[in-house]
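K.L.:
What follows is the file protein22.cif, containing mmCIF, C-alpha atoms and all ligand atoms:
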data_protein
#
loop_
_atom_site.label_atom_id
_atom_site.label_comp_id
_atom_site.auth_asym_id
_atom_site.auth_seq_id
_atom_site.Cartn_x
_atom_site.Cartn_y
_atom_site.Cartn_z
CA MET A 160 43.77 -32.08 21.86
CA ALA A 161 41.21 -33.34 19.34
CA ARG A 162 40.50 -37.05 19.57
CA PRO A 163 38.72 -39.42 17.15
CA ILE A 164 35.45 -40.91 18.41
CA HIS A 165 34.70 -44.58 17.80
CA LEU A 166 31.29 -46.18 18.26
CA ASP A 167 31.31 -49.96 18.13
CA SER A 168 27.91 -51.75 17.91
CA VAL A 169 26.35 -49.13 20.19
CA ARG A 170 22.73 -49.72 21.20
CA LYS A 171 20.51 -47.74 23.53
CA GLU A 172 17.22 -49.08 24.85
CA TYR A 173 14.74 -47.23 27.02
CA ARG A 174 12.41 -49.33 29.16
CA SER A 175 9.13 -48.06 30.49
CA ALA A 176 5.92 -49.75 31.66
CA GLY A 177 7.20 -53.17 30.60
CA SER A 178 7.99 -52.19 27.01
CA VAL A 179 11.39 -51.68 25.39
CA HIS A 180 12.08 -48.84 23.00
CA VAL A 181 15.26 -49.04 20.92
CA ALA A 182 16.46 -45.46 20.38
CA VAL A 183 19.83 -46.34 18.80
CA ASP A 184 20.64 -49.70 17.26
CA ASP A 185 23.94 -51.31 16.26
CA LEU A 186 25.72 -48.04 15.52
CA THR A 187 29.31 -48.57 14.35
CA LEU A 188 31.34 -45.68 12.98
CA SER A 189 34.51 -43.65 13.49
CA ILE A 190 34.46 -39.86 13.59
CA PRO A 191 37.89 -38.55 12.53
CA GLU A 192 39.78 -36.38 15.00
CA GLY A 193 39.39 -32.66 14.47
CA SER A 194 36.56 -33.12 11.98
CA PHE A 195 33.21 -31.35 11.89
CA THR A 196 30.68 -34.16 11.76
CA THR A 197 26.93 -33.70 11.70
CA LEU A 198 24.29 -36.11 12.98
CA VAL A 199 21.15 -35.56 10.94
CA GLY A 200 17.78 -37.21 10.46
CA PRO A 201 14.08 -36.73 11.18
CA SER A 202 12.68 -36.22 14.66
CA GLY A 203 13.04 -39.29 16.88
CA CYS A 204 15.76 -41.01 14.79
CA GLY A 205 18.23 -41.07 17.71
CA LYS A 206 20.46 -38.03 17.13
CA THR A 207 20.31 -36.58 20.65
CA THR A 208 20.59 -40.01 22.27
CA THR A 209 23.76 -40.67 20.27
CA LEU A 210 25.22 -37.29 21.23
CA ARG A 211 24.35 -37.80 24.90
CA MET A 212 26.09 -41.19 24.87
CA ILE A 213 29.22 -39.53 23.42
CA ALA A 214 28.98 -36.91 26.20
CA GLY A 215 28.56 -39.56 28.89
CA LEU A 216 25.09 -38.32 29.85
CA GLU A 217 23.61 -41.69 28.77
CA THR A 218 25.22 -45.12 29.04
CA PRO A 219 24.90 -47.48 26.06
CA THR A 220 22.82 -50.60 26.74
CA GLU A 221 25.31 -52.51 24.57
CA GLY A 222 28.46 -51.71 22.64
CA ARG A 223 31.60 -49.69 23.20
CA LEU A 224 32.50 -46.03 22.88
CA SER A 225 36.08 -44.81 22.74
CA PHE A 226 37.96 -41.55 22.27
CA GLY A 227 41.12 -42.54 20.42
CA ASP A 228 42.46 -45.64 22.19
CA GLU A 229 40.68 -44.84 25.45
CA ASP A 230 37.50 -46.77 26.23
CA VAL A 231 35.11 -44.16 27.65
CA THR A 232 31.95 -46.33 27.72
CA GLY A 233 31.58 -46.24 31.49
CA GLN A 234 33.42 -42.96 32.09
CA SER A 235 31.64 -40.00 33.70
CA PRO A 236 31.09 -36.82 31.59
CA GLN A 237 33.65 -34.84 33.67
CA ASP A 238 36.41 -37.30 32.76
CA ARG A 239 35.89 -36.99 28.99
CA ASN A 240 36.96 -33.37 28.36
CA CYS A 241 33.78 -32.82 26.35
CA ALA A 242 31.82 -29.56 26.17
CA MET A 243 28.18 -29.52 25.10
CA VAL A 244 25.88 -26.72 23.95
CA PHE A 245 22.14 -27.33 23.91
CA GLN A 246 19.21 -25.91 21.96
CA SER A 247 17.75 -24.31 25.09
CA ILE A 248 20.19 -21.63 26.16
CA ALA A 249 21.27 -22.17 29.77
CA LEU A 250 22.83 -18.94 31.08
CA TYR A 251 22.95 -17.73 34.68
CA PRO A 252 20.58 -14.70 34.59
CA HIS A 253 22.21 -12.88 37.53
CA MET A 254 25.76 -13.06 36.11
CA THR A 255 27.34 -10.86 33.45
CA VAL A 256 28.27 -12.39 30.12
CA ARG A 257 31.93 -12.42 31.23
CA ARG A 258 31.12 -14.36 34.39
CA ASN A 259 28.81 -16.72 32.49
CA ILE A 260 31.54 -17.61 30.00
CA GLY A 261 34.18 -18.00 32.70
CA TYR A 262 32.07 -19.86 35.25
CA GLY A 263 33.20 -23.37 34.24
CA LEU A 264 36.85 -22.29 34.40
CA LYS A 265 36.33 -20.74 37.83
CA VAL A 266 34.85 -24.00 39.12
CA GLN A 267 37.92 -25.79 37.77
CA GLY A 268 40.15 -23.35 39.74
CA VAL A 269 41.68 -21.61 36.70
CA PRO A 270 43.37 -18.34 37.92
CA LYS A 271 41.61 -15.06 37.10
CA ASP A 272 44.27 -13.76 34.67
CA GLU A 273 44.13 -16.93 32.63
CA ARG A 274 40.31 -16.93 32.77
CA ASP A 275 40.12 -13.37 31.48
CA ARG A 276 42.56 -14.11 28.68
CA ARG A 277 40.49 -17.08 27.49
CA ILE A 278 37.20 -15.21 27.86
CA ASP A 279 38.51 -12.29 25.78
CA GLU A 280 39.74 -14.67 23.09
CA ALA A 281 36.38 -16.47 22.94
CA ALA A 282 34.47 -13.17 22.87
CA GLU A 283 36.59 -11.94 19.98
CA THR A 284 36.06 -15.15 17.96
CA LEU A 285 32.31 -14.99 18.58
CA GLN A 286 32.11 -11.19 18.12
CA ILE A 287 30.58 -10.49 21.53
CA THR A 288 33.40 -8.39 23.06
CA GLU A 289 31.00 -5.42 23.40
CA GLN A 290 28.54 -7.55 25.33
CA LEU A 291 30.93 -8.90 27.98
CA GLU A 292 29.79 -6.65 30.83
CA LYS A 293 26.05 -6.92 30.00
CA MET A 294 23.50 -9.23 31.64
CA PRO A 295 21.99 -12.10 29.57
CA ALA A 296 18.54 -10.43 29.57
CA GLU A 297 20.02 -7.50 27.63
CA LEU A 298 21.10 -9.77 24.74
CA SER A 299 19.27 -11.04 21.66
CA GLY A 300 18.67 -14.81 21.23
CA GLY A 301 21.60 -15.05 18.81
CA GLN A 302 23.94 -13.22 21.20
CA GLN A 303 22.84 -15.45 24.09
CA GLN A 304 23.61 -18.54 22.04
CA ARG A 305 27.06 -17.08 21.25
CA VAL A 306 27.65 -16.74 24.99
CA ALA A 307 26.72 -20.40 25.47
CA LEU A 308 29.17 -21.32 22.67
CA GLY A 309 31.79 -19.11 24.37
CA SER A 310 31.41 -21.08 27.63
CA ALA A 311 32.17 -24.26 25.70
CA PHE A 312 35.04 -22.65 23.76
CA VAL A 313 36.96 -21.48 26.84
CA GLN A 314 37.05 -25.00 28.23
CA ASP A 315 39.31 -26.02 25.32
CA PRO A 316 37.52 -29.38 24.98
CA ASP A 317 38.84 -32.40 23.04
CA VAL A 318 35.28 -32.99 21.86
CA LEU A 319 32.67 -30.28 21.33
CA LEU A 320 29.07 -31.49 21.11
CA LEU A 321 26.38 -29.15 19.78
CA ASP A 322 22.72 -30.19 20.00
CA GLU A 323 20.62 -28.07 17.62
CA PRO A 324 22.13 -24.85 19.01
CA MET A 325 20.43 -22.68 16.38
CA SER A 326 16.99 -24.18 16.04
CA ASP A 327 15.29 -21.40 18.04
CA LEU A 328 16.88 -18.60 15.99
CA ASP A 329 15.47 -16.85 12.92
CA ALA A 330 16.89 -17.60 9.48
CA LYS A 331 19.24 -14.58 9.35
CA LEU A 332 20.72 -15.22 12.81
CA LYS A 333 21.08 -18.89 11.94
CA ALA A 334 23.10 -18.02 8.85
CA GLU A 335 25.34 -15.70 10.91
CA LEU A 336 25.85 -18.21 13.70
CA ARG A 337 26.68 -20.98 11.22
CA VAL A 338 29.72 -18.93 10.23
CA GLU A 339 30.65 -18.35 13.91
CA VAL A 340 30.41 -22.06 14.68
CA GLN A 341 32.69 -22.86 11.77
CA ARG A 342 35.16 -20.21 12.90
CA LEU A 343 35.03 -21.74 16.39
CA HIS A 344 35.86 -25.12 14.90
CA GLN A 345 38.86 -23.69 13.03
CA GLU A 346 40.25 -22.12 16.20
CA LEU A 347 39.64 -25.08 18.51
CA ASP A 348 41.71 -28.24 18.49
CA ALA A 349 38.56 -30.33 18.95
CA THR A 350 36.43 -32.92 17.22
CA VAL A 351 33.02 -31.31 16.71
CA VAL A 352 29.79 -33.30 16.55
CA TYR A 353 26.75 -31.25 15.62
CA VAL A 354 23.12 -32.40 15.78
CA THR A 355 20.51 -30.94 13.48
CA HIS A 356 17.36 -32.05 11.69
CA ASP A 357 18.05 -29.41 9.06
CA GLN A 358 19.76 -31.08 6.12
CA THR A 359 20.84 -27.72 4.65
CA GLU A 360 22.86 -27.03 7.82
CA ALA A 361 24.30 -30.52 7.70
CA MET A 362 25.29 -30.19 4.05
CA THR A 363 26.82 -26.72 4.30
CA MET A 364 28.80 -27.05 7.54
CA SER A 365 30.17 -30.57 7.74
CA ASP A 366 33.22 -32.55 6.72
CA GLN A 367 30.94 -35.57 6.93
CA VAL A 368 27.35 -36.37 7.72
CA ILE A 369 25.86 -39.24 9.72
CA LEU A 370 22.30 -39.80 8.51
CA LEU A 371 20.21 -41.89 10.92
CA ASN A 372 17.00 -43.76 10.19
CA GLN A 373 15.01 -45.03 13.18
CA GLY A 374 18.12 -45.40 15.33
CA ARG A 375 20.22 -47.10 12.66
CA LEU A 376 22.98 -45.73 10.45
CA GLU A 377 21.68 -45.11 6.94
CA GLN A 378 24.78 -43.43 5.44
CA PHE A 379 27.98 -41.85 6.77
CA ALA A 380 29.76 -39.84 4.10
CA PRO A 381 30.92 -36.35 3.06
CA PRO A 382 28.02 -34.07 1.98
CA GLY A 383 28.82 -34.34 -1.75
CA GLU A 384 28.71 -38.13 -1.62
CA LEU A 385 25.35 -38.12 0.14
CA PHE A 386 24.00 -35.87 -2.62
CA ASP A 387 25.56 -37.66 -5.59
CA ALA A 388 25.66 -41.27 -4.41
CA PRO A 389 22.87 -42.00 -1.90
CA VAL A 390 22.82 -45.60 -0.69
CA SER A 391 19.04 -45.63 -0.52
CA GLU A 392 15.79 -43.91 -1.47
CA TYR A 393 15.64 -42.62 2.13
CA VAL A 394 18.93 -40.74 1.70
CA ALA A 395 17.97 -39.41 -1.74
CA ARG A 396 14.70 -38.08 -0.33
CA PHE A 397 16.16 -36.61 2.87
CA ILE A 398 19.14 -34.83 1.31
CA GLY A 399 18.49 -32.01 -1.18
CA THR A 400 15.75 -29.40 -1.60
CA PRO A 401 13.22 -29.92 -3.08
CA SER A 402 13.29 -33.64 -2.44
CA THR A 403 14.43 -36.10 -5.14
CA ASN A 404 11.65 -37.05 -7.57
CA LEU A 405 10.77 -40.74 -7.35
CA LEU A 406 9.28 -42.18 -10.56
CA PRO A 407 7.83 -45.69 -10.47
CA ALA A 408 9.12 -47.93 -13.28
CA THR A 409 9.49 -51.55 -14.33
CA VAL A 410 12.52 -53.34 -15.71
CA ALA A 411 11.63 -54.39 -19.28
CA GLU A 412 13.40 -56.40 -21.98
CA THR A 413 13.19 -54.58 -25.33
CA ASP A 414 14.65 -54.95 -28.83
CA ASP A 415 17.39 -52.52 -27.76
CA GLY A 416 18.30 -54.43 -24.61
CA TYR A 417 16.97 -53.65 -21.13
CA ALA A 418 15.03 -50.56 -20.16
CA LEU A 419 13.64 -48.83 -17.09
CA ALA A 420 10.12 -48.18 -18.33
CA GLY A 421 8.00 -45.57 -16.56
CA ASP A 422 5.27 -43.07 -17.37
CA GLY A 423 6.37 -41.72 -20.77
CA PHE A 424 10.04 -42.71 -20.51
CA GLY A 425 12.18 -45.76 -21.20
CA VAL A 426 15.79 -45.43 -20.07
CA LEU A 427 18.22 -47.98 -21.48
CA ALA A 428 19.87 -50.01 -18.75
CA PRO A 429 22.92 -52.30 -18.68
CA ALA A 430 22.35 -56.06 -18.87
CA ASP A 431 24.85 -56.85 -16.11
CA ARG A 432 22.72 -55.04 -13.54
CA PHE A 433 19.20 -55.55 -14.86
CA ALA A 434 19.00 -58.82 -16.89
CA ASP A 435 17.96 -60.76 -13.77
CA ARG A 436 15.46 -58.10 -12.71
CA VAL A 437 13.09 -58.17 -15.72
CA GLY A 438 9.54 -57.53 -14.52
CA ASP A 439 10.69 -56.06 -11.19
CA SER A 440 9.18 -52.86 -9.91
CA ILE A 441 11.91 -50.30 -9.33
CA THR A 442 12.04 -46.55 -8.66
CA VAL A 443 13.93 -44.06 -10.76
CA GLY A 444 15.13 -41.03 -8.78
CA ILE A 445 16.03 -37.68 -10.28
CA ARG A 446 16.79 -34.43 -8.51
CA PRO A 447 14.52 -31.48 -9.47
CA GLN A 448 17.62 -29.48 -10.47
CA TYR A 449 18.48 -32.07 -13.13
CA LEU A 450 15.16 -31.79 -15.00
CA SER A 451 16.07 -29.33 -17.71
CA ALA A 452 14.01 -26.91 -19.79
CA ASP A 453 16.66 -27.28 -22.52
CA GLY A 454 16.12 -30.97 -23.21
CA GLY A 455 18.32 -33.97 -22.53
CA ASP A 456 18.85 -37.57 -23.64
CA TYR A 457 15.36 -38.47 -22.38
CA GLU A 458 12.17 -36.52 -21.83
CA LEU A 459 9.44 -36.39 -19.22
CA THR A 460 6.05 -34.70 -19.46
CA VAL A 461 5.13 -32.63 -16.40
CA ILE A 462 1.79 -30.91 -15.82
CA ALA A 463 2.54 -27.80 -13.78
CA GLY A 464 0.77 -27.09 -10.50
CA VAL A 465 2.04 -24.40 -8.14
CA VAL A 466 5.07 -22.42 -9.35
CA GLU A 467 7.29 -20.79 -6.67
CA GLN A 468 9.98 -18.20 -7.23
CA LEU A 469 13.14 -18.73 -5.17
CA GLY A 470 15.47 -15.84 -5.98
CA THR A 471 16.52 -16.30 -9.60
CA GLU A 472 15.11 -19.84 -9.81
CA PHE A 473 11.57 -21.14 -10.22
CA VAL A 474 10.28 -24.34 -8.65
CA VAL A 475 7.50 -26.06 -10.57
CA HIS A 476 5.50 -28.45 -8.39
CA GLY A 477 3.71 -30.69 -10.89
CA HIS A 478 2.89 -34.25 -11.79
CA THR A 479 3.30 -36.70 -14.66
CA PRO A 480 0.20 -37.59 -16.75
CA ASP A 481 -0.36 -40.66 -14.55
CA GLY A 482 -0.23 -38.58 -11.37
CA THR A 483 3.27 -39.07 -9.95
CA ASP A 484 4.42 -35.89 -8.17
CA VAL A 485 7.36 -34.18 -9.89
CA ASP A 486 9.24 -31.01 -8.93
CA ALA A 487 11.51 -29.21 -11.37
CA VAL A 488 13.87 -26.30 -10.64
CA SER A 489 15.30 -23.90 -13.23
CA THR A 490 15.82 -20.24 -13.97
CA ALA A 491 13.97 -20.95 -17.24
CA PHE A 492 10.55 -21.70 -15.69
CA GLY A 493 9.56 -18.04 -15.08
CA ALA A 494 6.73 -18.06 -17.62
CA VAL A 495 5.25 -21.40 -16.54
CA GLU A 496 1.67 -21.24 -15.28
CA HIS A 497 -0.59 -23.61 -13.39
CA GLY A 498 -1.92 -26.28 -15.81
CA ASP A 499 0.84 -25.87 -18.43
CA GLU A 500 2.20 -29.06 -19.92
CA LEU A 501 6.01 -29.00 -19.92
CA VAL A 502 8.42 -31.38 -21.58
CA VAL A 503 11.60 -31.49 -19.53
CA GLY A 504 14.79 -33.28 -20.45
CA PHE A 505 17.10 -35.40 -18.33
CA ASP A 506 20.31 -37.35 -18.77
CA PRO A 507 20.78 -40.93 -17.57
CA GLY A 508 23.98 -39.95 -15.75
CA ASP A 509 21.89 -37.96 -13.25
CA LEU A 510 19.56 -40.79 -12.25
CA PHE A 511 19.45 -43.06 -9.21
CA VAL A 512 17.76 -46.48 -9.40
CA PHE A 513 16.27 -48.10 -6.29
CA ASP A 514 14.87 -51.59 -5.77
CA ALA A 515 11.48 -52.32 -4.23
CA ASP A 516 13.06 -52.17 -0.73
CA GLY A 517 14.44 -48.70 -1.39
CA ARG A 518 18.10 -49.81 -1.64
CA THR A 519 20.20 -48.34 -4.44
CA ILE A 520 20.74 -50.67 -7.43
CA CYS A 521 22.94 -48.17 -9.27
CA HIS A 522 23.66 -44.51 -9.83
CA GLY A 523 23.58 -42.73 -13.17
CA ASP A 524 27.19 -43.51 -14.05
CA ALA A 525 26.13 -47.12 -14.65
CA LEU A 526 23.34 -45.99 -17.04
CA ALA A 527 25.22 -43.23 -18.85
CA GLY A 528 27.16 -45.67 -21.05
CA GLU A 529 23.99 -47.03 -22.70
CA THR A 530 22.84 -45.58 -26.05
CA PRO A 531 20.38 -42.76 -25.36
CA ARG A 532 16.93 -43.17 -26.82
CA GLN A 533 14.11 -40.65 -26.90
CA SER A 534 11.00 -41.47 -24.90
CA PRO A 535 8.28 -43.43 -26.74
P1 LIG B 601 14.53 -34.77 17.87
O1 LIG B 601 15.07 -34.27 16.57
O2 LIG B 601 13.05 -34.71 17.95
O3 LIG B 601 15.24 -34.19 19.07
P2 LIG B 601 16.20 -37.17 17.97
O4 LIG B 601 16.56 -37.69 16.63
O5 LIG B 601 17.22 -36.38 18.69
O6 LIG B 601 14.82 -36.38 17.89
P3 LIG B 601 16.15 -38.82 20.34
O7 LIG B 601 15.81 -37.69 21.25
O8 LIG B 601 17.51 -39.36 20.37
O9 LIG B 601 15.77 -38.44 18.83
O10 LIG B 601 15.11 -39.99 20.61
C1 LIG B 601 15.15 -41.24 19.93
C2 LIG B 601 13.98 -42.08 20.38
O11 LIG B 601 14.17 -42.44 21.76
C3 LIG B 601 12.65 -41.35 20.32
O12 LIG B 601 11.66 -42.27 19.90
C4 LIG B 601 12.41 -40.90 21.74
O13 LIG B 601 11.04 -40.83 22.03
C5 LIG B 601 13.09 -42.00 22.55
N1 LIG B 601 13.63 -41.50 23.81
C6 LIG B 601 14.58 -40.54 23.96
N2 LIG B 601 14.87 -40.35 25.27
C7 LIG B 601 14.07 -41.19 25.97
C8 LIG B 601 13.89 -41.46 27.36
N3 LIG B 601 14.60 -40.83 28.29
N4 LIG B 601 12.98 -42.42 27.69
C9 LIG B 601 12.27 -43.08 26.75
N5 LIG B 601 12.40 -42.87 25.41
C10 LIG B 601 13.27 -41.95 25.04
#
Starting from the coordinates I provided, produce the structure as structure tokens.

P.N.:
Amino acid sequence: MARPIHLDSVRKEYRSAGSVHVAVDDLTLSIPEGSFTTLVGPSGCGKTTTLRMIAGLETPTEGRLSFGDEDVTGQSPQDRNCAMVFQSIALYPHMTVRRNIGYGLKVQGVPKDERDRRIDEAAETLQITEQLEKMPAELSGGQQQRVALGSAFVQDPDVLLLDEPMSDLDAKLKAELRVEVQRLHQELDATVVYVTHDQTEAMTMSDQVILLNQGRLEQFAPPGELFDAPVSEYVARFIGTPSTNLLPATVAETDDGYALAGDGFGVLAPADRFADRVGDSITVGIRPQYLSADGGDYELTVIAGVVEQLGTEFVVHGHTPDGTDVDAVSTAFGAVEHGDELVVGFDPGDLFVFDADGRTICHGDALAGETPRQSP
């Protein structure tokens, strides 16, 4: 039966040659039971360490871990009813697929009839029924990873932990397996925690996303909230492709009130948030998809560099006249060439504003109420 997972001030230190390395620091969060939750972040941010602590393969240096009301901090992996699938596929090469999937059940003493029933069910869910009597060497990488997922599935775990299970697969297989993993989640009564460094996977598969930054929690929210309401510049940059444009600006007092003044733009800003920040350096963030060829309340000049075609859309990689990198995405940029000067529009409601430490001051909804003004 699926159980919620609670982490309370969890810290993990590694000690070697007299030095201490903090892999995970002060992590407090609750993963809802039965949810599909993704741990995401750049290499070395502590994703695998966190997953291994949930599995019981690592013990926290400090803090408490519980499944529902049960404190599992010091409990061995076998006592947690967790199943884990790793990036490197660990199959027994001399056993058929059927025996590989059923091996864990056999060790637990599950009778053969029951084993076969569960293996057949898993194989059907993962679409590998035809492969059951083959040896692992006869399977493709994607099929082998399905077998590994099948071994986890048949154990009927309360918690299913997946550590980058698709990172060695090509893009097409990845897309197929994403669907299988989601189907697996629907059929299992388990809380699924999935590790990836691929934010697209995190955004497309999850009920919620845990974004880590150097071992600490940066934001824990549903995918849409991470995209629309990032708590920091780090989140805005990590989530979304291409990355959010970051335009340096200064808070200015003008005849019209307060403004976020950058290279060729001056966005009106509310007094209650910005009156005590006059003169401060801030950063205005805008997603490339929200820079429009059809104009907007404000305008930005972009000098085009490389233009890429992505299906029906075109990505212009350019820069402002003062050299700040800017990407813009639209179906309307097909005729743009290297060196062209574009004027793109944007609306204040689509902006993010960050302070000098990269923390979010406000999102666009706080700016959208101000009277729009064209750029100077
Ligand atoms: P990746 O995406 O590259 O797998 P990750 O986000 O999963 O990275 P972890 O593997 O959790 O990161 O590692 C977090 C930090 O802890 C890294 O700096 C790593 O070098 C360090 N680390 C992990 N395991 C150990 C260990 N056994 N001994 C010492 N340091 C470790």

K.L.:
Per residue of chain A within 9 Å of ligand LIG 601 (chain B), note the shortest atom pair and the distance in Å to one decimal, counting all atoms listed in the file, and order the rows by chain and increasing residue number, as JSON lines.

P.N.:
{"residue": "A:Lys171", "atom": "CA", "partner": "B:LIG601", "partner_atom": "O11", "distance": 8.5}
{"residue": "A:Glu172", "atom": "CA", "partner": "B:LIG601", "partner_atom": "N5", "distance": 7.9}
{"residue": "A:Tyr173", "atom": "CA", "partner": "B:LIG601", "partner_atom": "C9", "distance": 4.8}
{"residue": "A:Arg174", "atom": "CA", "partner": "B:LIG601", "partner_atom": "C9", "distance": 6.7}
{"residue": "A:Ser175", "atom": "CA", "partner": "B:LIG601", "partner_atom": "C9", "distance": 7.0}
{"residue": "A:Val179", "atom": "CA", "partner": "B:LIG601", "partner_atom": "C9", "distance": 8.8}
{"residue": "A:His180", "atom": "CA", "partner": "B:LIG601", "partner_atom": "N5", "distance": 6.4}
{"residue": "A:Val181", "atom": "CA", "partner": "B:LIG601", "partner_atom": "O11", "distance": 6.7}
{"residue": "A:Ala182", "atom": "CA", "partner": "B:LIG601", "partner_atom": "O11", "distance": 4.0}
{"residue": "A:Val183", "atom": "CA", "partner": "B:LIG601", "partner_atom": "C1", "distance": 7.0}
{"residue": "A:Leu198", "atom": "CA", "partner": "B:LIG601", "partner_atom": "O4", "distance": 8.7}
{"residue": "A:Val199", "atom": "CA", "partner": "B:LIG601", "partner_atom": "O4", "distance": 7.6}
{"residue": "A:Gly200", "atom": "CA", "partner": "B:LIG601", "partner_atom": "O4", "distance": 6.3}
{"residue": "A:Pro201", "atom": "CA", "partner": "B:LIG601", "partner_atom": "O1", "distance": 6.0}
{"residue": "A:Ser202", "atom": "CA", "partner": "B:LIG601", "partner_atom": "O1", "distance": 3.6}
{"residue": "A:Gly203", "atom": "CA", "partner": "B:LIG601", "partner_atom": "O9", "distance": 3.5}
{"residue": "A:Cys204", "atom": "CA", "partner": "B:LIG601", "partner_atom": "O4", "distance": 3.9}
{"residue": "A:Gly205", "atom": "CA", "partner": "B:LIG601", "partner_atom": "O8", "distance": 3.2}
{"residue": "A:Lys206", "atom": "CA", "partner": "B:LIG601", "partner_atom": "O4", "distance": 3.9}
{"residue": "A:Thr207", "atom": "CA", "partner": "B:LIG601", "partner_atom": "O5", "distance": 3.7}
{"residue": "A:Thr208", "atom": "CA", "partner": "B:LIG601", "partner_atom": "O8", "distance": 3.7}
{"residue": "A:Thr209", "atom": "CA", "partner": "B:LIG601", "partner_atom": "O8", "distance": 6.4}
{"residue": "A:Leu210", "atom": "CA", "partner": "B:LIG601", "partner_atom": "O8", "distance": 8.0}
{"residue": "A:Arg211", "atom": "CA", "partner": "B:LIG601", "partner_atom": "O8", "distance": 8.4}
{"residue": "A:Asp322", "atom": "CA", "partner": "B:LIG601", "partner_atom": "O5", "distance": 8.4}
{"residue": "A:Glu323", "atom": "CA", "partner": "B:LIG601", "partner_atom": "O3", "distance": 8.3}
{"residue": "A:Val354", "atom": "CA", "partner": "B:LIG601", "partner_atom": "O5", "distance": 7.7}
{"residue": "A:Thr355", "atom": "CA", "partner": "B:LIG601", "partner_atom": "O1", "distance": 7.1}
{"residue": "A:His356", "atom": "CA", "partner": "B:LIG601", "partner_atom": "O1", "distance": 5.8}
{"residue": "A:Leu371", "atom": "CA", "partner": "B:LIG601", "partner_atom": "O4", "distance": 8.0}
{"residue": "A:Asn372", "atom": "CA", "partner": "B:LIG601", "partner_atom": "O4", "distance": 8.9}
{"residue": "A:Gln373", "atom": "CA", "partner": "B:LIG601", "partner_atom": "C1", "distance": 7.7}
{"residue": "A:Gly374", "atom": "CA", "partner": "B:LIG601", "partner_atom": "C1", "distance": 6.9}

K.L.:
Report the centre and edge lengths, in Å to one decimal, of an axis-aligned box enclosing every atom of stretch 194-203 of chain A listed in the file, padded by 4 Å on each side, as AutoDock Vina command-line options.

P.N.:
--center_x 24.6 --center_y -35.3 --center_z 13.7 --size_x 31.9 --size_y 15.9 --size_z 14.4

K.L.:
Restricting the calculation to only C-alpha atoms: of A:Val313, A:Ala176, A:Leu450, A:Ile190, which residue gets closest to A:Ser365?

P.N.:
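Of the candidates, the smallest distance to A:Ser365 is held by A:Ile190.
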
K.L.:
Could you check how far atom CA of A:Asn259 sits from atom CA of A:Ser310, in Å to one decimal?

P.N.:
7.0 Å

K.L.:
Work out how far apart atom CA of A:Arg305 and atom CA of A:Val352 are and give it in Å to one decimal.

P.N.:
17.1 Å

K.L.:
Any idea what's packed within 10 Å of A:Val306, counting all atoms listed in the file, ignoring anything in its chain fewer than 2 positions away? Could you give it as an NGL selection string?

P.N.:
:A and (248-250 or 256-257 or 259-260 or 281-282 or 285-287 or 290-291 or 295 or 298 or 300-304 or 308-312)

K.L.:
Could you tell me which of A:Pro316, A:Gly193, A:Pro480, A:Gly470 comes closest to A:Thr350 if we count all atoms listed in the file?

P.N.:
A:Gly193

K.L.:
Nearest to A:Glu467 among A:Gly508, A:Gly423, A:Pro401, A:Pro389, with distances taken over only C-alpha atoms: which residue is it?

P.N.:
A:Pro401

K.L.:
Using all atoms listed in the file for the distances, tell me which of A:Thr490, A:Gln378, A:Gln341, A:Thr479 is nearest to A:Thr284.

P.N.:
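Among the listed residues, the smallest separation from A:Thr284 belongs to A:Gln341.
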
K.L.:
I'd like the interatomic distance between atom CA of A:Pro236 and atom CA of A:Ala214, to a tenth of an Å.

P.N.:
5.8 Å
